[in-house]
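> Hey, dropping run.txt in here, compact mmCIF, C-alpha atoms and all ligand atoms:
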```txt
# COMPACT_ATOMS: atom_id res chain seq x y z
CA MET A 1 -105.58 -152.29 -75.59
CA PHE A 2 -105.96 -148.52 -76.12
CA ASP A 3 -105.73 -146.26 -79.16
CA ASN A 4 -102.78 -144.14 -77.98
CA ASN A 5 -102.31 -142.12 -81.15
CA THR A 6 -105.62 -140.25 -81.02
CA ILE A 7 -105.19 -137.72 -78.22
CA ARG A 8 -108.32 -137.24 -76.13
CA MET A 9 -109.61 -136.49 -72.65
CA ASP A 10 -110.28 -140.13 -71.75
CA LEU A 11 -110.62 -141.78 -68.35
CA ARG A 12 -106.84 -142.10 -67.97
CA ALA A 13 -106.37 -138.38 -68.60
CA ARG A 14 -109.14 -137.44 -66.15
CA PHE A 15 -107.73 -139.76 -63.50
CA ALA A 16 -104.13 -138.48 -63.85
CA SER A 17 -105.30 -134.87 -63.76
CA LYS A 18 -107.34 -135.48 -60.59
CA ILE A 19 -104.47 -137.34 -58.88
CA MET A 20 -102.11 -134.44 -59.61
CA LYS A 21 -104.60 -131.87 -58.33
CA SER A 22 -105.06 -133.84 -55.08
CA ALA A 23 -101.29 -134.33 -54.67
CA CYS A 24 -100.71 -130.58 -55.08
CA SER A 25 -103.43 -129.74 -52.53
CA TYR A 26 -101.89 -132.26 -50.12
CA TYR A 27 -98.21 -131.34 -50.51
CA LEU A 28 -98.09 -127.65 -51.41
CA LYS A 29 -98.62 -126.23 -47.92
CA PRO A 30 -95.80 -123.81 -47.07
CA LYS A 31 -94.60 -123.50 -43.49
CA LYS A 32 -92.76 -120.61 -41.86
CA PHE A 33 -89.00 -120.85 -42.38
CA ASN A 34 -86.93 -119.13 -39.67
CA ALA A 35 -83.67 -121.07 -39.85
CA ASP A 36 -80.50 -120.01 -41.67
CA PHE A 37 -80.53 -120.71 -45.40
CA PRO A 38 -78.40 -123.86 -46.00
CA GLU A 39 -74.73 -123.48 -46.92
CA CYS A 40 -73.50 -125.13 -50.11
CA THR A 41 -71.26 -128.11 -49.34
CA ASP A 42 -70.93 -129.77 -52.76
CA ASN A 43 -70.34 -129.07 -56.47
CA LYS A 44 -73.82 -130.01 -57.70
CA LYS A 45 -75.06 -128.34 -60.87
CA ARG A 46 -77.64 -125.71 -59.91
CA LEU A 47 -79.32 -122.90 -61.82
CA LEU A 48 -79.67 -119.35 -60.48
CA TYR A 49 -83.14 -117.84 -60.92
CA LEU A 50 -83.60 -114.08 -60.40
CA HIS A 51 -87.10 -112.58 -60.15
CA ILE A 52 -87.91 -109.00 -61.25
CA PRO A 53 -91.44 -108.36 -59.93
CA PHE A 54 -92.45 -105.22 -61.87
CA CYS A 55 -94.65 -104.62 -64.92
CA PHE A 56 -95.88 -101.38 -66.53
CA SER A 57 -99.41 -102.81 -66.66
CA PHE A 58 -100.90 -106.23 -66.05
CA CYS A 59 -102.15 -108.86 -68.51
CA ALA A 60 -105.53 -110.26 -67.52
CA TYR A 61 -104.59 -113.94 -67.30
CA CYS A 62 -101.26 -113.55 -65.49
CA THR A 63 -100.79 -115.05 -62.03
CA PHE A 64 -97.06 -114.35 -61.60
CA HIS A 65 -95.80 -112.28 -58.69
CA LYS A 66 -95.52 -108.65 -59.78
CA PHE A 67 -96.24 -105.02 -58.84
CA ILE A 68 -96.96 -101.98 -60.98
CA PHE A 69 -93.63 -100.39 -61.90
CA ASP A 70 -92.34 -97.55 -59.76
CA GLN A 71 -88.92 -96.15 -60.75
CA LYS A 72 -87.48 -95.53 -57.28
CA THR A 73 -88.73 -98.81 -55.85
CA ALA A 74 -87.37 -100.77 -58.80
CA GLU A 75 -83.94 -99.07 -58.54
CA THR A 76 -83.74 -99.97 -54.85
CA TYR A 77 -84.85 -103.51 -55.69
CA PHE A 78 -82.04 -104.04 -58.22
CA ARG A 79 -79.53 -102.88 -55.58
CA LEU A 80 -80.97 -105.33 -53.02
CA LEU A 81 -80.95 -108.18 -55.53
CA LYS A 82 -77.23 -107.63 -56.14
CA LYS A 83 -76.69 -107.80 -52.40
CA GLU A 84 -78.68 -111.03 -52.17
CA MET A 85 -76.40 -112.50 -54.87
CA GLN A 86 -73.39 -111.60 -52.68
CA LEU A 87 -75.04 -113.33 -49.72
CA ILE A 88 -75.64 -116.54 -51.65
CA ARG A 89 -72.05 -116.45 -52.96
CA LYS A 90 -70.82 -116.21 -49.35
CA LYS A 91 -72.82 -119.36 -48.59
CA GLY A 92 -70.63 -121.18 -51.13
CA TYR A 93 -73.02 -121.40 -54.11
CA ASN A 94 -71.77 -121.04 -57.67
CA PHE A 95 -73.68 -121.27 -60.96
CA ALA A 96 -72.97 -121.82 -64.64
CA ALA A 97 -76.45 -120.82 -65.81
CA MET A 98 -78.81 -118.04 -64.84
CA TYR A 99 -82.48 -117.43 -65.69
CA ILE A 100 -84.06 -113.99 -65.19
CA GLY A 101 -87.85 -113.96 -65.04
CA GLY A 102 -90.66 -111.73 -63.92
CA GLY A 103 -92.64 -109.59 -64.06
CA THR A 104 -90.79 -107.73 -66.76
CA PRO A 105 -87.01 -108.05 -66.31
CA THR A 106 -86.40 -105.20 -68.79
CA VAL A 107 -88.27 -102.46 -66.84
CA LEU A 108 -84.90 -100.76 -66.21
CA PRO A 109 -82.57 -101.86 -69.03
CA ALA A 110 -79.36 -100.34 -67.62
CA GLU A 111 -80.04 -101.88 -64.19
CA LEU A 112 -80.64 -105.26 -65.84
CA ALA A 113 -77.31 -104.95 -67.67
CA GLY A 114 -75.57 -104.11 -64.36
CA LEU A 115 -77.22 -107.09 -62.68
CA ILE A 116 -76.03 -109.51 -65.37
CA ASP A 117 -72.49 -108.10 -65.31
CA TYR A 118 -72.38 -108.38 -61.53
CA ALA A 119 -73.64 -111.99 -61.61
CA LYS A 120 -70.85 -112.82 -64.08
CA GLU A 121 -68.29 -111.27 -61.69
CA LEU A 122 -69.57 -113.25 -58.71
CA PHE A 123 -70.24 -116.63 -60.36
CA ASP A 124 -68.91 -118.71 -63.27
CA ILE A 125 -71.98 -117.88 -65.38
CA LYS A 126 -71.68 -119.12 -68.97
CA GLU A 127 -75.30 -118.87 -70.03
CA VAL A 128 -77.88 -116.15 -69.39
CA SER A 129 -81.53 -116.66 -70.23
CA CYS A 130 -83.98 -113.78 -69.83
CA GLU A 131 -87.73 -113.34 -70.28
CA SER A 132 -88.95 -110.40 -72.29
CA ASP A 133 -91.70 -109.07 -74.54
CA PRO A 134 -92.03 -107.88 -78.17
CA ASP A 135 -90.90 -104.36 -77.19
CA HIS A 136 -87.44 -105.74 -76.47
CA VAL A 137 -86.61 -104.51 -79.96
CA SER A 138 -86.71 -100.86 -78.73
CA SER A 139 -83.27 -99.25 -78.56
CA PRO A 140 -82.43 -98.82 -74.83
CA ILE A 141 -83.41 -102.41 -74.10
CA LEU A 142 -81.64 -103.89 -77.10
CA GLU A 143 -78.42 -101.89 -76.54
CA ASN A 144 -78.22 -102.99 -72.91
CA THR A 145 -78.84 -106.66 -73.52
CA VAL A 146 -77.14 -107.60 -76.82
CA ASP A 147 -73.91 -109.44 -75.92
CA ARG A 148 -75.19 -110.04 -72.39
CA ILE A 149 -78.12 -112.40 -72.97
CA ASP A 150 -77.60 -115.78 -74.65
CA ARG A 151 -81.23 -116.81 -74.75
CA LEU A 152 -84.11 -114.36 -74.95
CA SER A 153 -87.56 -115.75 -74.23
CA VAL A 154 -90.19 -113.49 -75.78
CA GLY A 155 -93.83 -113.76 -74.71
CA ILE A 156 -96.07 -113.33 -77.77
CA GLN A 157 -98.88 -115.76 -76.76
CA THR A 158 -100.84 -115.40 -80.03
CA PHE A 159 -100.85 -113.42 -83.27
CA ASN A 160 -104.66 -113.34 -83.26
CA ASP A 161 -105.90 -109.82 -82.45
CA ASN A 162 -109.10 -111.01 -80.76
CA TYR A 163 -107.20 -113.22 -78.33
CA LEU A 164 -104.57 -110.53 -77.75
CA LYS A 165 -107.42 -108.23 -76.71
CA LEU A 166 -108.93 -110.95 -74.51
CA ILE A 167 -105.71 -111.36 -72.50
CA GLY A 168 -104.93 -107.63 -72.38
CA ARG A 169 -101.86 -107.62 -74.66
CA TYR A 170 -103.22 -105.82 -77.75
CA ASP A 171 -103.12 -102.27 -76.36
CA LYS A 172 -99.86 -103.04 -74.60
CA PHE A 173 -97.79 -104.60 -77.42
CA GLY A 174 -99.77 -103.89 -80.60
CA SER A 175 -101.53 -106.07 -83.15
CA GLY A 176 -100.46 -109.59 -84.04
CA GLU A 177 -98.95 -108.35 -87.33
CA SER A 178 -96.86 -105.67 -85.62
CA GLN A 179 -95.66 -108.13 -82.96
CA LEU A 180 -94.64 -110.54 -85.71
CA GLU A 181 -92.50 -107.81 -87.29
CA LYS A 182 -90.96 -106.86 -83.94
CA VAL A 183 -90.02 -110.42 -83.05
CA LYS A 184 -88.55 -111.06 -86.52
CA ASN A 185 -86.34 -107.99 -86.01
CA LEU A 186 -85.04 -109.45 -82.74
CA MET A 187 -83.77 -112.67 -84.30
CA PRO A 188 -80.32 -111.51 -85.52
CA HIS A 189 -79.38 -110.00 -82.15
CA PHE A 190 -79.38 -113.06 -79.86
CA PRO A 191 -77.86 -116.55 -80.19
CA ILE A 192 -81.18 -118.12 -79.14
CA VAL A 193 -84.65 -116.59 -79.23
CA ASN A 194 -87.56 -118.54 -77.77
CA ILE A 195 -91.13 -117.50 -78.53
CA ASP A 196 -93.81 -118.31 -75.95
CA MET A 197 -97.23 -119.08 -77.38
CA ILE A 198 -100.51 -120.01 -75.70
CA TYR A 199 -103.20 -122.30 -77.11
CA ASN A 200 -106.71 -123.36 -76.09
CA TYR A 201 -108.20 -119.89 -75.83
CA PRO A 202 -111.96 -119.94 -75.15
CA ASP A 203 -113.64 -121.14 -78.38
CA GLN A 204 -110.33 -121.26 -80.28
CA LYS A 205 -110.74 -122.87 -83.71
CA LYS A 206 -108.22 -125.26 -85.24
CA GLU A 207 -107.65 -122.85 -88.17
CA GLU A 208 -106.75 -120.09 -85.71
CA LEU A 209 -104.12 -122.26 -84.04
CA LEU A 210 -102.79 -123.37 -87.44
CA ASN A 211 -102.45 -119.71 -88.35
CA ASP A 212 -100.48 -119.05 -85.13
CA ILE A 213 -98.25 -122.08 -85.84
CA SER A 214 -97.50 -120.96 -89.38
CA LYS A 215 -96.71 -117.38 -88.24
CA VAL A 216 -94.46 -118.46 -85.40
CA LEU A 217 -92.60 -120.84 -87.73
CA SER A 218 -92.12 -117.98 -90.21
CA THR A 219 -89.96 -116.17 -87.63
CA GLY A 220 -87.28 -118.88 -87.84
CA SER A 221 -86.97 -118.73 -84.04
CA GLN A 222 -84.60 -121.32 -82.52
CA GLN A 223 -87.17 -122.28 -79.90
CA ILE A 224 -90.95 -122.24 -79.71
CA THR A 225 -92.98 -123.08 -76.62
CA PHE A 226 -96.73 -123.76 -76.70
CA TYR A 227 -98.44 -123.55 -73.30
CA PRO A 228 -102.05 -124.55 -72.78
CA LEU A 229 -103.97 -121.55 -71.42
CA MET A 230 -104.00 -122.07 -67.67
CA PHE A 231 -107.09 -120.85 -65.90
CA SER A 232 -105.87 -120.29 -62.41
CA SER A 233 -108.73 -121.15 -60.10
CA ASN A 234 -107.47 -118.33 -57.90
CA SER A 235 -107.51 -115.42 -60.34
CA ASP A 236 -110.67 -113.40 -61.03
CA TRP A 237 -110.02 -113.68 -64.76
CA GLY A 238 -109.51 -117.44 -64.47
CA ILE A 239 -112.75 -117.92 -62.59
CA LYS A 240 -114.73 -115.70 -64.96
CA ASN A 241 -113.39 -117.29 -68.13
CA ARG A 242 -113.33 -120.87 -66.91
CA GLU A 243 -117.12 -121.06 -66.88
CA GLY A 244 -118.19 -122.83 -70.01
CA SER A 245 -115.01 -122.05 -71.88
CA LYS A 246 -112.24 -124.31 -70.50
CA SER A 247 -112.55 -127.31 -72.75
CA TYR A 248 -110.27 -130.29 -72.19
CA LYS A 249 -111.67 -131.85 -75.35
CA ARG A 250 -110.50 -128.82 -77.32
CA GLU A 251 -107.17 -128.84 -75.46
CA SER A 252 -106.58 -132.48 -76.48
CA GLU A 253 -107.42 -131.76 -80.14
CA LEU A 254 -105.25 -128.65 -80.29
CA PHE A 255 -102.37 -130.47 -78.56
CA GLN A 256 -102.52 -133.11 -81.30
CA LEU A 257 -102.55 -130.35 -83.92
CA ILE A 258 -99.36 -128.85 -82.45
CA LEU A 259 -97.57 -132.21 -82.39
CA THR A 260 -98.44 -132.96 -86.00
CA ASN A 261 -97.86 -129.47 -87.40
CA MET A 262 -94.64 -128.32 -85.81
CA ASP A 263 -91.92 -128.56 -88.40
CA THR A 264 -90.25 -131.70 -87.09
CA LYS A 265 -87.50 -131.49 -89.69
CA LYS A 266 -86.19 -128.36 -88.04
CA TYR A 267 -87.38 -128.73 -84.44
CA GLU A 268 -86.87 -131.43 -81.82
CA GLN A 269 -89.51 -131.68 -79.15
CA ARG A 270 -87.67 -130.95 -75.87
CA THR A 271 -90.65 -131.07 -73.51
CA GLN A 272 -94.37 -131.60 -73.96
CA TRP A 273 -94.54 -127.85 -74.67
CA ALA A 274 -91.12 -126.80 -76.04
CA PHE A 275 -89.63 -127.31 -79.50
CA SER A 276 -86.01 -126.48 -80.17
CA LYS A 277 -83.62 -126.53 -83.12
CA ASP A 278 -80.80 -127.61 -80.80
CA THR A 279 -81.50 -130.19 -78.11
CA GLY A 280 -78.74 -128.87 -75.83
CA ASP A 281 -80.26 -125.40 -75.36
CA ILE A 282 -81.64 -124.14 -72.06
CA ILE A 283 -85.45 -124.03 -72.04
CA ASP A 284 -88.17 -122.08 -70.20
CA GLU A 285 -88.95 -125.04 -67.93
CA TYR A 286 -85.46 -125.00 -66.45
CA VAL A 287 -86.60 -127.45 -63.74
CA VAL A 288 -86.40 -130.20 -66.39
CA ASP A 289 -82.61 -129.92 -66.69
CA ASN A 290 -81.90 -128.72 -63.14
CA ASP A 291 -82.88 -130.93 -60.20
CA GLU A 292 -81.91 -128.05 -57.94
CA TYR A 293 -82.09 -124.29 -58.39
CA ILE A 294 -81.74 -121.23 -56.17
CA GLY A 295 -84.31 -118.45 -56.46
CA LEU A 296 -83.36 -114.90 -55.46
CA GLY A 297 -85.61 -111.85 -55.36
CA SER A 298 -89.09 -111.24 -54.01
CA GLY A 299 -91.50 -114.07 -54.84
CA ALA A 300 -88.84 -116.43 -56.22
CA PHE A 301 -88.88 -120.19 -55.55
CA GLY A 302 -85.83 -122.40 -55.04
CA PHE A 303 -85.42 -126.15 -54.68
CA ILE A 304 -82.56 -127.78 -52.74
CA GLY A 305 -82.44 -131.44 -51.69
CA ASP A 306 -85.98 -132.26 -50.58
CA THR A 307 -87.09 -128.69 -49.86
CA LEU A 308 -88.87 -125.98 -51.82
CA TYR A 309 -87.95 -122.49 -50.56
CA ILE A 310 -90.28 -119.53 -51.06
CA ASN A 311 -88.99 -115.96 -50.81
CA SER A 312 -90.92 -113.12 -49.26
CA PHE A 313 -93.58 -111.65 -51.56
CA SER A 314 -93.50 -108.38 -49.62
CA LEU A 315 -91.07 -105.78 -50.97
CA LYS A 316 -90.81 -104.21 -47.53
CA GLU A 317 -89.97 -107.50 -45.84
CA TYR A 318 -87.63 -108.42 -48.71
CA GLY A 319 -85.66 -105.18 -48.22
CA LYS A 320 -85.49 -105.67 -44.45
CA LEU A 321 -84.17 -109.24 -44.75
CA ILE A 322 -81.48 -108.32 -47.25
CA GLU A 323 -80.33 -105.31 -45.19
CA GLU A 324 -80.02 -107.75 -42.26
CA ASN A 325 -77.78 -109.94 -44.47
CA LYS A 326 -80.35 -112.73 -44.73
CA ILE A 327 -81.45 -114.69 -47.80
CA SER A 328 -85.11 -113.78 -48.45
CA ALA A 329 -86.65 -117.28 -48.07
CA VAL A 330 -89.46 -117.01 -45.49
CA LYS A 331 -91.41 -120.24 -46.10
CA ASN A 332 -90.59 -123.74 -47.17
CA ILE A 333 -92.15 -127.07 -48.02
CA ARG A 334 -90.27 -130.27 -47.14
CA PHE A 335 -91.16 -133.30 -49.21
CA GLY A 336 -90.55 -136.92 -48.23
CA LYS A 337 -88.13 -139.00 -50.32
CA HIS A 338 -90.95 -140.72 -52.20
CA ALA A 339 -92.70 -137.42 -52.95
CA VAL A 340 -89.46 -136.00 -54.42
CA LYS A 341 -89.18 -139.10 -56.64
CA GLN A 342 -92.80 -138.69 -57.78
CA TYR A 343 -92.19 -135.01 -58.60
CA ARG A 344 -88.97 -135.81 -60.49
CA MET A 345 -90.70 -138.58 -62.43
CA VAL A 346 -93.39 -136.23 -63.75
CA VAL A 347 -90.78 -133.58 -64.59
CA ASP A 348 -88.53 -136.18 -66.28
CA LEU A 349 -91.44 -137.50 -68.34
CA PHE A 350 -92.34 -133.92 -69.24
CA GLY A 351 -88.78 -133.54 -70.59
CA PHE A 352 -88.67 -137.00 -72.29
CA ASN A 353 -85.98 -138.22 -69.84
CA LEU A 354 -87.33 -141.74 -69.54
CA ASN A 355 -84.34 -144.01 -69.62
CA ASN A 356 -81.64 -144.84 -67.05
CA LYS A 357 -83.88 -143.47 -64.29
CA ALA A 358 -84.94 -144.99 -60.98
CA PHE A 359 -88.63 -144.09 -61.12
CA PRO A 360 -90.86 -144.69 -58.10
CA GLU A 361 -93.10 -147.75 -57.91
CA PRO A 362 -95.93 -148.51 -58.31
CA GLU A 363 -96.33 -145.19 -60.19
CA PHE A 364 -94.11 -146.08 -63.15
CA SER A 365 -95.72 -149.52 -63.55
CA LEU A 366 -99.12 -147.81 -63.64
CA LEU A 367 -97.92 -145.58 -66.47
CA LYS A 368 -96.77 -148.67 -68.37
CA LEU A 369 -99.99 -150.58 -67.66
CA SER A 370 -102.09 -147.65 -68.87
CA GLU A 371 -99.89 -147.46 -72.00
CA CYS A 372 -98.79 -143.88 -71.36
CA VAL A 373 -95.27 -145.31 -71.55
CA GLN A 374 -94.26 -148.16 -73.87
CA ASN A 375 -91.04 -150.12 -74.22
CA LYS A 376 -89.74 -150.01 -77.79
CA ASN A 377 -86.52 -151.92 -78.59
CA GLY A 378 -85.38 -151.70 -74.98
CA TYR A 379 -86.14 -147.96 -74.62
CA TYR A 380 -89.11 -146.40 -72.88
CA LYS A 381 -91.14 -143.93 -74.94
CA LEU A 382 -94.18 -141.83 -74.16
CA THR A 383 -97.15 -142.54 -76.41
CA PRO A 384 -98.90 -139.43 -77.87
CA GLN A 385 -101.74 -139.95 -75.36
CA GLY A 386 -99.09 -140.32 -72.63
CA GLN A 387 -97.61 -136.98 -73.72
CA PHE A 388 -101.01 -135.29 -73.35
CA ILE A 389 -101.52 -136.82 -69.90
CA ILE A 390 -98.13 -135.55 -68.71
CA SER A 391 -98.96 -132.10 -70.14
CA LEU A 392 -102.19 -132.09 -68.10
CA MET A 393 -100.32 -133.14 -64.96
CA ILE A 394 -97.76 -130.35 -65.33
CA SER A 395 -100.60 -127.82 -65.87
CA GLU A 396 -102.16 -129.01 -62.60
CA PHE A 397 -98.79 -128.62 -60.89
CA TYR A 398 -98.51 -125.03 -62.17
CA ASP A 399 -102.03 -124.36 -60.93
CA GLY A 400 -100.96 -125.69 -57.52
CA MET A 401 -97.96 -123.33 -57.52
CA ASN A 402 -100.28 -120.47 -58.48
CA ARG A 403 -102.38 -121.26 -55.42
CA VAL A 404 -99.20 -120.95 -53.32
CA ARG A 405 -98.52 -117.54 -54.95
CA THR A 406 -102.06 -116.38 -54.21
CA ALA A 407 -101.77 -117.44 -50.57
CA MET A 408 -98.40 -115.66 -50.27
CA ARG A 409 -99.80 -112.48 -51.84
CA LYS A 410 -102.66 -112.44 -49.33
CA GLU A 411 -100.06 -112.02 -46.59
CA LEU A 412 -98.48 -108.94 -48.20
CA LEU A 413 -97.77 -106.15 -45.77
CA ASN A 414 -99.87 -102.97 -45.89
CA GLU A 415 -96.90 -100.93 -47.13
CA ASP A 416 -96.82 -103.04 -50.29
CA SER A 417 -100.39 -102.15 -51.21
CA LYS A 418 -99.29 -98.74 -52.54
CA PHE A 419 -97.65 -100.60 -55.48
CA LYS A 420 -100.87 -101.88 -57.00
CA ARG A 421 -100.68 -105.65 -57.40
S1 LIG B 1 -97.73 -111.75 -68.54
FE1 LIG B 1 -95.73 -110.80 -68.24
S2 LIG B 1 -96.04 -108.64 -68.81
FE2 LIG B 1 -98.10 -109.53 -68.48
S3 LIG B 1 -98.55 -109.07 -66.31
FE3 LIG B 1 -97.63 -111.12 -66.38
S4 LIG B 1 -95.47 -110.80 -65.99
FE4 LIG B 1 -96.34 -108.79 -66.56
```
Take the structure in the file and give it back as structure tokens.
Ligand code: SF4

Amino acid sequence: MFDNNTIRMDLRARFASKIMKSACSYYLKPKKFNADFPECTDNKKRLLYLHIPFCFSFCAYCTFHKFIFDQKTAETYFRLLKKEMQLIRKKGYNFAAMYIGGGTPTVLPAELAGLIDYAKELFDIKEVSCESDPDHVSSPILENTVDRIDRLSVGIQTFNDNYLKLIGRYDKFGSGESQLEKVKNLMPHFPIVNIDMIYNYPDQKKEELLNDISKVLSTGSQQITFYPLMFSSNSDWGIKNREGSKSYKRESELFQLILTNMDTKKYEQRTQWAFSKDTGDIIDEYVVDNDEYIGLGSGAFGFIGDTLYINSFSLKEYGKLIEENKISAVKNIRFGKHAVKQYRMVVDLFGFNLNNKAFPEPEFSLLKLSECVQNKNGYYKLTPQGQFIISLMISEFYDGMNRVRTAMRKELLNEDSKFKR
């Protein structure tokens, strides 16, 4: 009935995007959480996420939770984070995989090394994934992380100097050419390097994206992730640049270009955004492979059972809670059983996990009827148009989570305002 191979912003895509936006507005309303953080009573696989909320300067488009770096505050923070790990261990949790995100996890390289070593003492950690930037190649950072990090995720975003300037990363990390050199030099030092790229910049031309694709492939990186530029409706930059420049038509065309131009002989598509040389590797969207995860640190999220936990965004409150031997979750959102199934379905489709799943109805039937999903030889597969629709839905979900971050930041205590945010 439909042409599902030509990716476009058709009625189905508009409808799915709207539904996801409405669902996020309806569900993502955090409530105060005063109770004790739940004890662990099982052996379920869970990932440990640690948040380091400091950056030396801010990139214009970024909506993550972070403060401008201050040495003393960051040192205290690393000490508190270690204590929070002890507290979660005492509650019975154990982890085989850990993901460190930010902010900039490498602001204090020796502290980061100490944090990883301590996590390995406390838990049965086998795999450490850490976010970083092109300057990871500088000596104190490299020395402290080689042999400690199994997967380094490096944010490059684009090799195009004009777009680097637009998002505030040219002065910070250098030109596209110099970043390409830096990231190539990182490759031999880590078992897995992922490179994060962004597409659909305002007015981006197909040739510009093709140039980015060819440069990122030239690094030989084990993983490459292409995110659509997300214009958070809650950031000043997002509002300013959204006007007249956010084009879903262009996003659909560029998405198709990525699918057809990634070197499929070397890379398997792991999610709608991530390509990997080895399908077993951990990826940036760790929620795909981990139904549950625990978030520690200021501004981290965790998901257990049917509940999303949100940690305090205030450094002052975070410190107070940890000194009182409490996990730093201060808000939560409880979802009904059906809502959890809906969320898992979108995440599973995002990660191509379509078979042997009990997906909710009538949602899954709707996806089949609209030919986003097709049955081929007894196996469900996403059509290319279905892939684009799921990518749009996940972007809407991220925008919803950004709105939660913005609301949490508005409640920051006065004392936190001295660390510019
Ligand atoms: S993109 Fe990364 S480096 Fe830039 S402000 Fe956000 S967290 Fe900091």
> Just give me the residues with any atom within 12 Å of (-95.0, -117.2, -87.6), file coordinates, counting all atoms listed in the file, written as a tab-separated table (two decimals) with C-alpha atoms, in the frame of the given file.

```tsv
chain	number	residue	atom	x	y	z
A	156	ILE	CA	-96.07	-113.33	-77.77
A	157	GLN	CA	-98.88	-115.76	-76.76
A	158	THR	CA	-100.84	-115.40	-80.03
A	159	PHE	CA	-100.85	-113.42	-83.27
A	160	ASN	CA	-104.66	-113.34	-83.26
A	176	GLY	CA	-100.46	-109.59	-84.04
A	177	GLU	CA	-98.95	-108.35	-87.33
A	178	SER	CA	-96.86	-105.67	-85.62
A	179	GLN	CA	-95.66	-108.13	-82.96
A	180	LEU	CA	-94.64	-110.54	-85.71
A	181	GLU	CA	-92.50	-107.81	-87.29
A	182	LYS	CA	-90.96	-106.86	-83.94
A	183	VAL	CA	-90.02	-110.42	-83.05
A	184	LYS	CA	-88.55	-111.06	-86.52
A	195	ILE	CA	-91.13	-117.50	-78.53
A	196	ASP	CA	-93.81	-118.31	-75.95
A	197	MET	CA	-97.23	-119.08	-77.38
A	209	LEU	CA	-104.12	-122.26	-84.04
A	210	LEU	CA	-102.79	-123.37	-87.44
A	211	ASN	CA	-102.45	-119.71	-88.35
A	212	ASP	CA	-100.48	-119.05	-85.13
A	213	ILE	CA	-98.25	-122.08	-85.84
A	214	SER	CA	-97.50	-120.96	-89.38
A	215	LYS	CA	-96.71	-117.38	-88.24
A	216	VAL	CA	-94.46	-118.46	-85.40
A	217	LEU	CA	-92.60	-120.84	-87.73
A	218	SER	CA	-92.12	-117.98	-90.21
A	219	THR	CA	-89.96	-116.17	-87.63
A	220	GLY	CA	-87.28	-118.88	-87.84
A	221	SER	CA	-86.97	-118.73	-84.04
A	224	ILE	CA	-90.95	-122.24	-79.71
A	262	MET	CA	-94.64	-128.32	-85.81
A	263	ASP	CA	-91.92	-128.56	-88.40
```
> For Gln385 of chain A, find every residue with an atom within 12 Å (counting only C-alpha atoms), except residues of its own chain fewer than 5 positions away, and show them as a VMD selection string.
chain A and resid 2 to 13 16 252 to 253 255 to 256 259 272 367 370 to 374 390 to 392
> Produce a table with one row for each residue of chain A that has an atom at most 8 Å from any atom of ligand LIG 1 (chain B), each row naming the nearest atom pair and its distance in Å at one decimal; use only C-alpha atoms and all ligand atoms; arrange rows by chain and rising residue number; format as a tab-separated table.

```
residue	atom	partner	partner_atom	distance
A:Pro53	CA	B:LIG1	S4	7.7
A:Phe54	CA	B:LIG1	FE4	7.1
A:Cys55	CA	B:LIG1	FE4	4.8
A:Phe56	CA	B:LIG1	FE4	7.4
A:Ser57	CA	B:LIG1	S3	6.3
A:Phe58	CA	B:LIG1	S3	3.7
A:Cys59	CA	B:LIG1	FE2	4.1
A:Ala60	CA	B:LIG1	S3	7.2
A:Tyr61	CA	B:LIG1	S1	7.3
A:Cys62	CA	B:LIG1	FE3	4.5
A:Thr63	CA	B:LIG1	FE3	6.7
A:Phe64	CA	B:LIG1	FE3	5.8
A:His65	CA	B:LIG1	S4	7.5
A:Lys66	CA	B:LIG1	S4	6.6
A:Gly102	CA	B:LIG1	S4	5.3
A:Gly103	CA	B:LIG1	S4	3.6
A:Thr104	CA	B:LIG1	S4	5.6
A:Ser132	CA	B:LIG1	FE1	7.9
A:Asp133	CA	B:LIG1	S2	7.2
A:Gly155	CA	B:LIG1	FE1	7.4
A:Arg169	CA	B:LIG1	FE2	7.5
```
> Do you know which residues are at most 10 Å from Asn356 of chain A counting all atoms listed in the file, after dropping those on the same chain fewer than 2 positions away, and could you put them as a list in words?
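These residues fall inside the cut-off: Asn353, Leu354, Ala358, Phe359, Tyr379 and Tyr380 of chain A.
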> Kindly give the distance, in Å, that separates atom CA of Lys126 of chain A and atom CA of Ile100 of chain A, rounded to a single decimal.
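Interatomic distance here is 13.9 Å.
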> Could you add N, CA and C atoms to segment 17-22 of chain A and give me the result as a PDB file, in the coordinates of the input?

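Written out: selection.pdb:
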```
ATOM      1  N   SER A  17    -105.131-136.282 -64.073  1.00  0.00           N
ATOM      2  CA  SER A  17    -105.300-134.870 -63.760  1.00  0.00           C
ATOM      3  C   SER A  17    -105.807-134.700 -62.321  1.00  0.00           C
ATOM      4  N   LYS A  18    -106.774-135.542 -61.949  1.00  0.00           N
ATOM      5  CA  LYS A  18    -107.340-135.480 -60.590  1.00  0.00           C
ATOM      6  C   LYS A  18    -106.291-135.834 -59.541  1.00  0.00           C
ATOM      7  N   ILE A  19    -105.508-136.898 -59.831  1.00  0.00           N
ATOM      8  CA  ILE A  19    -104.470-137.340 -58.880  1.00  0.00           C
ATOM      9  C   ILE A  19    -103.480-136.194 -58.645  1.00  0.00           C
ATOM     10  N   MET A  20    -103.092-135.521 -59.737  1.00  0.00           N
ATOM     11  CA  MET A  20    -102.110-134.440 -59.610  1.00  0.00           C
ATOM     12  C   MET A  20    -102.684-133.280 -58.809  1.00  0.00           C
ATOM     13  N   LYS A  21    -103.950-132.964 -59.067  1.00  0.00           N
ATOM     14  CA  LYS A  21    -104.600-131.870 -58.330  1.00  0.00           C
ATOM     15  C   LYS A  21    -104.616-132.201 -56.828  1.00  0.00           C
ATOM     16  N   SER A  22    -104.998-133.449 -56.501  1.00  0.00           N
ATOM     17  CA  SER A  22    -105.060-133.840 -55.080  1.00  0.00           C
ATOM     18  C   SER A  22    -103.669-133.813 -54.466  1.00  0.00           C
TER      19      SER A  22
END
```
